[in-house]
file entry.cif (mmCIF, C-alpha atoms)
data_target
loop_
_atom_site.label_atom_id
_atom_site.label_comp_id
_atom_site.auth_asym_id
_atom_site.auth_seq_id
_atom_site.Cartn_x
_atom_site.Cartn_y
_atom_site.Cartn_z
CA MET Y 1 88.35 46.03 -55.73
CA VAL Y 2 84.93 47.57 -56.43
CA VAL Y 3 86.04 48.74 -59.87
CA SER Y 4 87.51 45.37 -60.77
CA ARG Y 5 84.35 43.58 -59.61
CA ARG Y 6 82.19 45.90 -61.68
CA MET Y 7 84.42 45.48 -64.74
CA LYS Y 8 84.22 41.73 -64.30
CA HIS Y 9 80.45 41.93 -64.16
CA ILE Y 10 80.31 44.15 -67.27
CA CYS Y 11 82.52 41.63 -69.10
CA ILE Y 12 80.16 38.83 -68.11
CA ILE Y 13 77.18 40.78 -69.49
CA LEU Y 14 79.00 41.57 -72.74
CA LEU Y 15 80.09 37.94 -73.04
CA PHE Y 16 76.50 36.80 -72.53
CA ILE Y 17 75.26 39.14 -75.28
CA LEU Y 18 78.07 38.09 -77.64
CA LEU Y 19 77.46 34.39 -77.03
CA SER Y 20 73.71 34.77 -77.55
CA ILE Y 21 74.36 36.50 -80.90
CA VAL Y 22 76.84 33.82 -82.03
CA VAL Y 23 74.60 30.97 -80.87
CA GLN Y 24 71.53 32.26 -82.68
CA HIS Y 25 73.60 32.91 -85.83
CA TYR Y 26 75.10 29.45 -86.14
CA MET Y 27 72.05 27.66 -84.78
CA GLY Y 28 69.83 29.34 -87.38
CA LYS Y 29 72.32 28.56 -90.13
CA TYR Y 30 72.54 24.84 -89.38
CA LEU Y 31 68.88 24.38 -88.54
CA TYR Y 32 67.98 25.72 -91.99
CA LYS Y 33 70.36 23.18 -93.52
CA LEU Y 34 68.76 20.41 -91.45
CA ALA Y 35 65.27 21.50 -92.52
CA TYR Y 36 66.30 21.51 -96.19
CA MET Y 37 67.73 18.00 -95.81
CA LEU Y 38 64.29 16.76 -94.73
CA TYR Y 39 62.66 17.94 -97.98
CA PRO Y 40 62.15 14.37 -99.34
CA PHE Y 41 60.01 13.60 -96.27
CA TYR Y 42 57.69 16.63 -96.56
CA LYS Y 43 57.76 17.01 -100.35
CA ILE Y 44 54.22 15.65 -100.64
CA VAL Y 45 52.95 18.46 -98.37
CA ASP Y 46 55.08 21.24 -99.83
CA PRO Y 47 56.34 20.24 -103.32
CA ASP Y 48 57.67 23.75 -104.06
CA ASN Y 49 59.56 23.87 -100.74
CA VAL Y 50 58.02 27.22 -99.81
CA PHE Y 51 56.99 26.93 -96.16
CA MET Y 52 57.77 23.54 -94.57
CA TYR Y 53 61.50 24.21 -94.20
CA LEU Y 54 60.55 27.41 -92.33
CA VAL Y 55 58.07 25.53 -90.16
CA LEU Y 56 60.61 22.84 -89.26
CA HIS Y 57 63.37 25.40 -88.65
CA HIS Y 58 61.23 27.31 -86.15
CA ILE Y 59 60.00 24.14 -84.42
CA PHE Y 60 63.59 22.91 -83.99
CA GLN Y 61 64.57 26.39 -82.84
CA ALA Y 62 61.75 26.50 -80.26
CA ILE Y 63 62.76 23.11 -78.86
CA ILE Y 64 66.38 24.26 -78.46
CA PHE Y 65 65.27 27.52 -76.80
CA LEU Y 66 63.05 25.60 -74.38
CA ILE Y 67 65.96 23.32 -73.45
CA LEU Y 68 68.19 26.38 -73.00
CA ILE Y 69 65.61 28.01 -70.72
CA TRP Y 70 65.22 24.77 -68.74
CA ILE Y 71 68.98 24.49 -68.20
CA THR Y 72 69.23 28.16 -67.21
CA ALA Y 73 66.30 27.77 -64.81
CA LYS Y 74 68.00 24.81 -63.14
CA LEU Y 75 71.36 26.59 -62.84
CA SER Y 76 69.83 29.82 -61.51
CA HIS Y 77 67.27 28.09 -59.25
CA LEU Y 78 64.38 29.70 -61.08
CA LYS Y 79 61.12 28.22 -62.29
CA PHE Y 80 59.79 28.03 -65.83
CA ARG Y 81 57.16 30.60 -64.90
CA ASP Y 82 59.94 33.09 -64.16
CA PHE Y 83 60.79 33.04 -67.89
CA GLY Y 84 57.29 34.10 -68.85
CA PHE Y 85 55.44 30.78 -68.91
CA ASN Y 86 52.49 31.97 -66.88
CA LEU Y 87 49.21 33.88 -67.19
CA ASN Y 88 50.23 36.85 -65.08
CA ASP Y 89 48.02 39.82 -65.94
CA TYR Y 90 47.04 38.12 -69.18
CA LYS Y 91 44.41 40.77 -69.87
CA THR Y 92 47.12 43.43 -70.12
CA SER Y 93 49.17 41.20 -72.45
CA ILE Y 94 46.19 40.64 -74.73
CA LYS Y 95 45.26 44.33 -74.64
CA TYR Y 96 48.76 45.53 -75.57
CA THR Y 97 49.11 42.92 -78.29
CA ILE Y 98 45.75 43.71 -79.90
CA ILE Y 99 46.43 47.46 -79.84
CA PHE Y 100 49.91 47.02 -81.31
CA CYS Y 101 48.81 44.54 -84.01
CA THR Y 102 45.87 46.74 -85.03
CA ILE Y 103 47.96 49.92 -85.33
CA TRP Y 104 50.85 48.14 -87.06
CA THR Y 105 48.52 46.41 -89.53
CA ILE Y 106 46.97 49.76 -90.47
CA ILE Y 107 50.44 51.27 -90.94
CA GLN Y 108 51.66 48.35 -93.05
CA PHE Y 109 48.61 48.29 -95.33
CA SER Y 110 48.67 52.07 -95.69
CA ALA Y 111 52.35 52.03 -96.62
CA ALA Y 112 51.79 49.18 -99.09
CA TYR Y 113 48.84 51.02 -100.66
CA ILE Y 114 50.86 54.21 -101.11
CA MET Y 115 53.79 52.27 -102.59
CA VAL Y 116 51.53 50.41 -105.05
CA LYS Y 117 49.85 53.67 -106.06
CA ASN Y 118 53.32 54.99 -106.85
CA GLY Y 119 54.18 52.06 -109.07
CA ALA Y 120 55.81 49.58 -106.67
CA VAL Y 121 55.41 45.90 -107.55
CA PHE Y 122 55.33 43.25 -104.84
CA GLY Y 123 56.11 39.58 -105.36
CA MET Y 124 55.71 36.64 -103.01
CA GLY Y 125 59.06 35.17 -104.01
CA PHE Y 126 57.48 31.82 -104.90
CA THR Y 127 54.87 30.30 -107.20
CA VAL Y 128 51.50 31.72 -106.17
CA ASN Y 129 48.90 29.00 -105.64
CA SER Y 130 46.48 28.19 -102.81
CA ARG Y 131 48.78 25.60 -101.17
CA ASN Y 132 51.83 27.88 -101.10
CA VAL Y 133 50.00 31.02 -99.98
CA ILE Y 134 47.98 29.30 -97.22
CA GLY Y 135 51.02 27.36 -95.97
CA TYR Y 136 53.25 30.43 -95.92
CA LEU Y 137 50.63 32.63 -94.23
CA LEU Y 138 49.93 29.99 -91.57
CA PHE Y 139 53.65 29.82 -90.84
CA GLU Y 140 53.87 33.62 -90.55
CA ILE Y 141 50.84 33.81 -88.27
CA LEU Y 142 51.53 30.81 -86.00
CA LEU Y 143 55.29 30.23 -85.91
CA SER Y 144 57.40 33.09 -87.25
CA GLY Y 145 57.42 34.98 -83.96
CA THR Y 146 56.56 32.24 -81.49
CA SER Y 147 59.99 30.63 -81.20
CA GLU Y 148 61.71 34.03 -81.31
CA GLU Y 149 59.72 35.29 -78.31
CA LEU Y 150 61.01 32.36 -76.26
CA PHE Y 151 64.58 33.51 -76.85
CA PHE Y 152 64.55 37.29 -77.31
CA ARG Y 153 62.02 38.06 -74.58
CA GLY Y 154 61.66 35.05 -72.29
CA PHE Y 155 65.35 34.11 -72.15
CA ILE Y 156 67.34 37.26 -73.01
CA ILE Y 157 65.34 39.72 -70.90
CA THR Y 158 65.10 37.39 -67.90
CA VAL Y 159 68.85 36.72 -67.84
CA LEU Y 160 69.67 40.43 -68.34
CA LEU Y 161 67.42 41.31 -65.40
CA ILE Y 162 69.33 38.85 -63.24
CA LEU Y 163 72.72 40.17 -64.36
CA LEU Y 164 71.86 43.88 -64.07
CA LYS Y 165 69.43 44.14 -61.15
CA ASN Y 166 72.12 45.02 -58.56
CA TYR Y 167 73.48 47.93 -60.61
CA TYR Y 168 70.36 50.07 -60.84
CA LYS Y 169 68.51 51.78 -58.02
CA LYS Y 170 65.63 52.83 -60.24
CA LYS Y 171 63.55 50.12 -61.88
CA SER Y 172 62.85 52.41 -64.85
CA ALA Y 173 66.59 52.71 -65.61
CA LEU Y 174 67.03 48.94 -65.31
CA TYR Y 175 64.11 48.25 -67.62
CA THR Y 176 65.30 50.81 -70.18
CA THR Y 177 68.77 49.25 -70.30
CA VAL Y 178 67.38 45.73 -70.59
CA ILE Y 179 65.03 46.68 -73.44
CA LEU Y 180 67.81 48.51 -75.31
CA LEU Y 181 70.13 45.50 -75.04
CA SER Y 182 67.36 43.12 -76.11
CA ILE Y 183 66.56 45.37 -79.09
CA ILE Y 184 70.20 45.31 -80.24
CA ASN Y 185 70.21 41.53 -79.93
CA PHE Y 186 66.92 41.26 -81.81
CA MET Y 187 68.15 43.56 -84.59
CA ILE Y 188 71.37 41.60 -85.09
CA GLY Y 189 69.29 38.42 -85.14
CA HIS Y 190 67.55 39.76 -88.26
CA ILE Y 191 70.69 40.71 -90.16
CA GLY Y 192 72.38 38.23 -92.45
CA TYR Y 193 76.14 38.13 -91.94
CA GLN Y 194 79.19 35.92 -91.91
CA LEU Y 195 82.03 36.05 -89.42
CA PHE Y 196 84.88 34.76 -91.58
CA PRO Y 197 85.56 37.08 -93.30
CA PRO Y 198 83.30 39.63 -91.54
CA GLN Y 199 80.61 40.66 -94.01
CA ILE Y 200 76.94 41.68 -93.95
CA THR Y 201 75.08 39.55 -96.48
CA TYR Y 202 71.53 40.80 -95.87
CA ILE Y 203 69.84 43.76 -94.19
CA SER Y 204 66.43 45.36 -94.71
CA GLY Y 205 65.64 48.81 -93.38
CA LEU Y 206 61.89 48.10 -93.23
CA GLN Y 207 62.46 44.82 -91.40
CA GLN Y 208 64.79 46.52 -88.92
CA LEU Y 209 62.15 49.17 -88.24
CA THR Y 210 59.59 46.43 -87.64
CA VAL Y 211 62.03 44.63 -85.35
CA ILE Y 212 62.71 47.75 -83.27
CA ILE Y 213 59.04 48.65 -82.82
CA SER Y 214 57.94 45.10 -81.99
CA ALA Y 215 60.89 44.63 -79.61
CA VAL Y 216 59.91 47.77 -77.71
CA VAL Y 217 56.23 46.84 -77.47
CA TYR Y 218 56.74 43.18 -76.57
CA GLY Y 219 59.66 44.03 -74.28
CA ILE Y 220 57.54 46.50 -72.30
CA THR Y 221 54.66 44.03 -72.20
CA PHE Y 222 56.97 41.28 -70.90
CA LEU Y 223 58.49 43.51 -68.22
CA LYS Y 224 55.08 44.78 -67.13
CA THR Y 225 53.41 41.37 -66.91
CA LYS Y 226 56.42 38.99 -66.60
CA SER Y 227 54.47 36.84 -69.07
#
call {"tool": "encode", "arguments": {"input": "entry.cif", "output": "structure tokens"}}
result
Amino acid sequence: MVVSRRMKHICIILLFILLSIVVQHYMGKYLYKLAYMLYPFYKIVDPDNVFMYLVLHHIFQAIIFLILIWITAKLSHLKFRDFGFNLNDYKTSIKYTIIFCTIWTIIQFSAAYIMVKNGAVFGMGFTVNSRNVIGYLLFEILLSGTSEELFFRGFIITVLLILLKNYYKKKSALYTTVILLSIINFMIGHIGYQLFPPQITYISGLQQLTVIISAVVYGITFLKTKS
């Protein structure tokens, strides 16, 4: 009876992870299509279609994640603040974030400098002008991670804590497992693939490294502050 109950619980956890991966995959796919369809309406702002489809995609994504969190909060009798919408120990959050961003920026610029010195050539992937560069950089700074944090930290980690809390006596073991599972989810969320037929269409080693490091730092920060 105990074994069967535990197996049932493990299956529920695996099903949750699988569903979250599938949902984010198809949601991202169709939200990009929706954003592209709106090009005639934002063409005057972004004639080269460089950043507005990304902005709209992440806004739509954030709205869906907020609705998902609201539904989960209602079903589990939790409050929005339990999913990180609070200012708990905000000084620690700011401290960790500043330290991480500073160190990671130094690493990124140092790596880029070394690569350029060795002959590497970087391109923006679009026509370089003030409108495109400013629009793209503003998106990266303000929105690229904002909607993802709602899902990969606020939602995923909170639900995993609920599902796993009765199976660990030590909080450190629970937190380690939760962070590892959230990292796997976050990594898959940054891999391009199709399910039918199964095929990886895009993967970047540097991006995956960035994903792992940021997932560890922000995961620890979230677990420490619940914010």
call {"tool": "closest_residue", "arguments": {"input": "entry.cif", "among": "Y:Tyr175, Y:Tyr36, Y:Tyr193, Y:Phe186", "to": "Leu223 of chain Y", "atoms": "all atoms listed in the file"}}
result
Y:Tyr175
call {"tool": "residues_around", "arguments": {"input": "entry.cif", "residues": "Thr221 of chain Y", "least_positions_apart": "2", "cutoff": "12 Å", "atoms": "only C-alpha atoms", "output": "ChimeraX atom specification"}}
result
/Y:84,88-100,149,153-154,157,175,179,214-219,223-227
call {"tool": "atom_distance", "arguments": {"input": "entry.cif", "atom1": "atom CA of Asn129 of chain Y", "atom2": "atom CA of Leu54 of chain Y"}}
result
17.8 Å
call {"tool": "resolve_selection", "arguments": {"input": "entry.cif", "expression": "the PyMOL selection byres ((chain Y and resi 181) around 12)", "output": "ChimeraX atom specification"}}
result
/Y:13-14,16-18,20-21,152-153,156-161,164,174-180,182-188,212,215-216,219
call {"tool": "resolve_selection", "arguments": {"input": "entry.cif", "expression": "the PyMOL selection byres ((chain Y and resi 42-46) around 12)", "output": "list in words"}}
result
Ala35, Tyr36, Met37, Leu38, Tyr39, Pro40, Phe41, Pro47, Asp48, Asn49, Val50, Phe51, Met52, Tyr53, Leu54, Val55, Leu56, Phe126, Thr127, Asn129, Ser130, Arg131, Asn132, Val133, Ile134, Gly135 and Tyr136 of chain Y
call {"tool": "atom_distance", "arguments": {"input": "entry.cif", "atom1": "atom CA of Ser147 of chain Y", "atom2": "atom CA of Ile107 of chain Y"}}
result
24.7 Å
call {"tool": "resolve_selection", "arguments": {"input": "entry.cif", "expression": "the PyMOL selection byres ((chain Y and resi 61) around 12)", "output": "count of residues only"}}
result
36
call {"tool": "residues_around", "arguments": {"input": "entry.cif", "residues": "Ile200 of chain Y", "least_positions_apart": "4", "cutoff": "12 Å", "atoms": "only C-alpha atoms", "output": "list in words"}}
result
Ile188, His190, Ile191, Gly192, Tyr193, Gln194, Leu195, Phe196 and Ser204 of chain Y
call {"tool": "atom_distance", "arguments": {"input": "entry.cif", "atom1": "atom CA of Leu142 of chain Y", "atom2": "atom CA of Ile203 of chain Y"}}
result
23.9 Å
call {"tool": "residues_around", "arguments": {"input": "entry.cif", "residues": "Phe80 of chain Y", "least_positions_apart": "3", "cutoff": "8 Å", "atoms": "only C-alpha atoms", "output": "ChimeraX atom specification"}}
result
/Y:69-70,73,83-85
call {"tool": "closest_residue", "arguments": {"input": "entry.cif", "among": "Y:Ser110, Y:Asn166, Y:Thr72, Y:Thr105", "to": "Thr210 of chain Y", "atoms": "only C-alpha atoms"}}
result
Y:Thr105
call {"tool": "build_atoms", "arguments": {"input": "entry.cif", "residues": "segment 118-129 of chain Y", "atoms": "N, CA, C and O atoms", "output": "CSV table (one decimal), in the frame of the given file"}}
result
chain,number,residue,atom,x,y,z
Y,118,ASN,N,52.2,54.3,-106.2
Y,118,ASN,CA,53.3,55.0,-106.8
Y,118,ASN,C,54.1,54.1,-107.8
Y,118,ASN,O,55.3,54.4,-108.1
Y,119,GLY,N,53.6,52.9,-108.1
Y,119,GLY,CA,54.2,52.1,-109.1
Y,119,GLY,C,55.0,50.9,-108.5
Y,119,GLY,O,55.6,50.2,-109.3
Y,120,ALA,N,55.0,50.7,-107.2
Y,120,ALA,CA,55.8,49.6,-106.7
Y,120,ALA,C,55.1,48.3,-107.0
Y,120,ALA,O,53.9,48.2,-107.0
Y,121,VAL,N,55.9,47.2,-107.2
Y,121,VAL,CA,55.4,45.9,-107.6
Y,121,VAL,C,55.9,44.9,-106.5
Y,121,VAL,O,57.1,44.8,-106.2
Y,122,PHE,N,55.0,44.2,-105.9
Y,122,PHE,CA,55.3,43.2,-104.8
Y,122,PHE,C,55.2,41.8,-105.4
Y,122,PHE,O,54.3,41.5,-106.1
Y,123,GLY,N,56.2,41.0,-105.0
Y,123,GLY,CA,56.1,39.6,-105.4
Y,123,GLY,C,56.2,38.7,-104.1
Y,123,GLY,O,56.8,39.1,-103.1
Y,124,MET,N,55.7,37.5,-104.2
Y,124,MET,CA,55.7,36.6,-103.0
Y,124,MET,C,57.1,35.9,-102.9
Y,124,MET,O,57.4,35.4,-101.9
Y,125,GLY,N,57.8,35.9,-104.0
Y,125,GLY,CA,59.1,35.2,-104.0
Y,125,GLY,C,58.9,33.7,-104.3
Y,125,GLY,O,59.9,32.9,-104.2
Y,126,PHE,N,57.7,33.2,-104.6
Y,126,PHE,CA,57.5,31.8,-104.9
Y,126,PHE,C,56.3,31.7,-105.8
Y,126,PHE,O,55.5,32.7,-106.0
Y,127,THR,N,56.0,30.5,-106.3
Y,127,THR,CA,54.9,30.3,-107.2
Y,127,THR,C,53.6,30.5,-106.4
Y,127,THR,O,53.4,29.9,-105.4
Y,128,VAL,N,52.7,31.4,-106.9
Y,128,VAL,CA,51.5,31.7,-106.2
Y,128,VAL,C,50.4,30.7,-106.5
Y,128,VAL,O,49.9,30.7,-107.6
Y,129,ASN,N,50.1,29.9,-105.5
Y,129,ASN,CA,48.9,29.0,-105.6
Y,129,ASN,C,48.3,28.8,-104.2
Y,129,ASN,O,49.0,29.3,-103.3
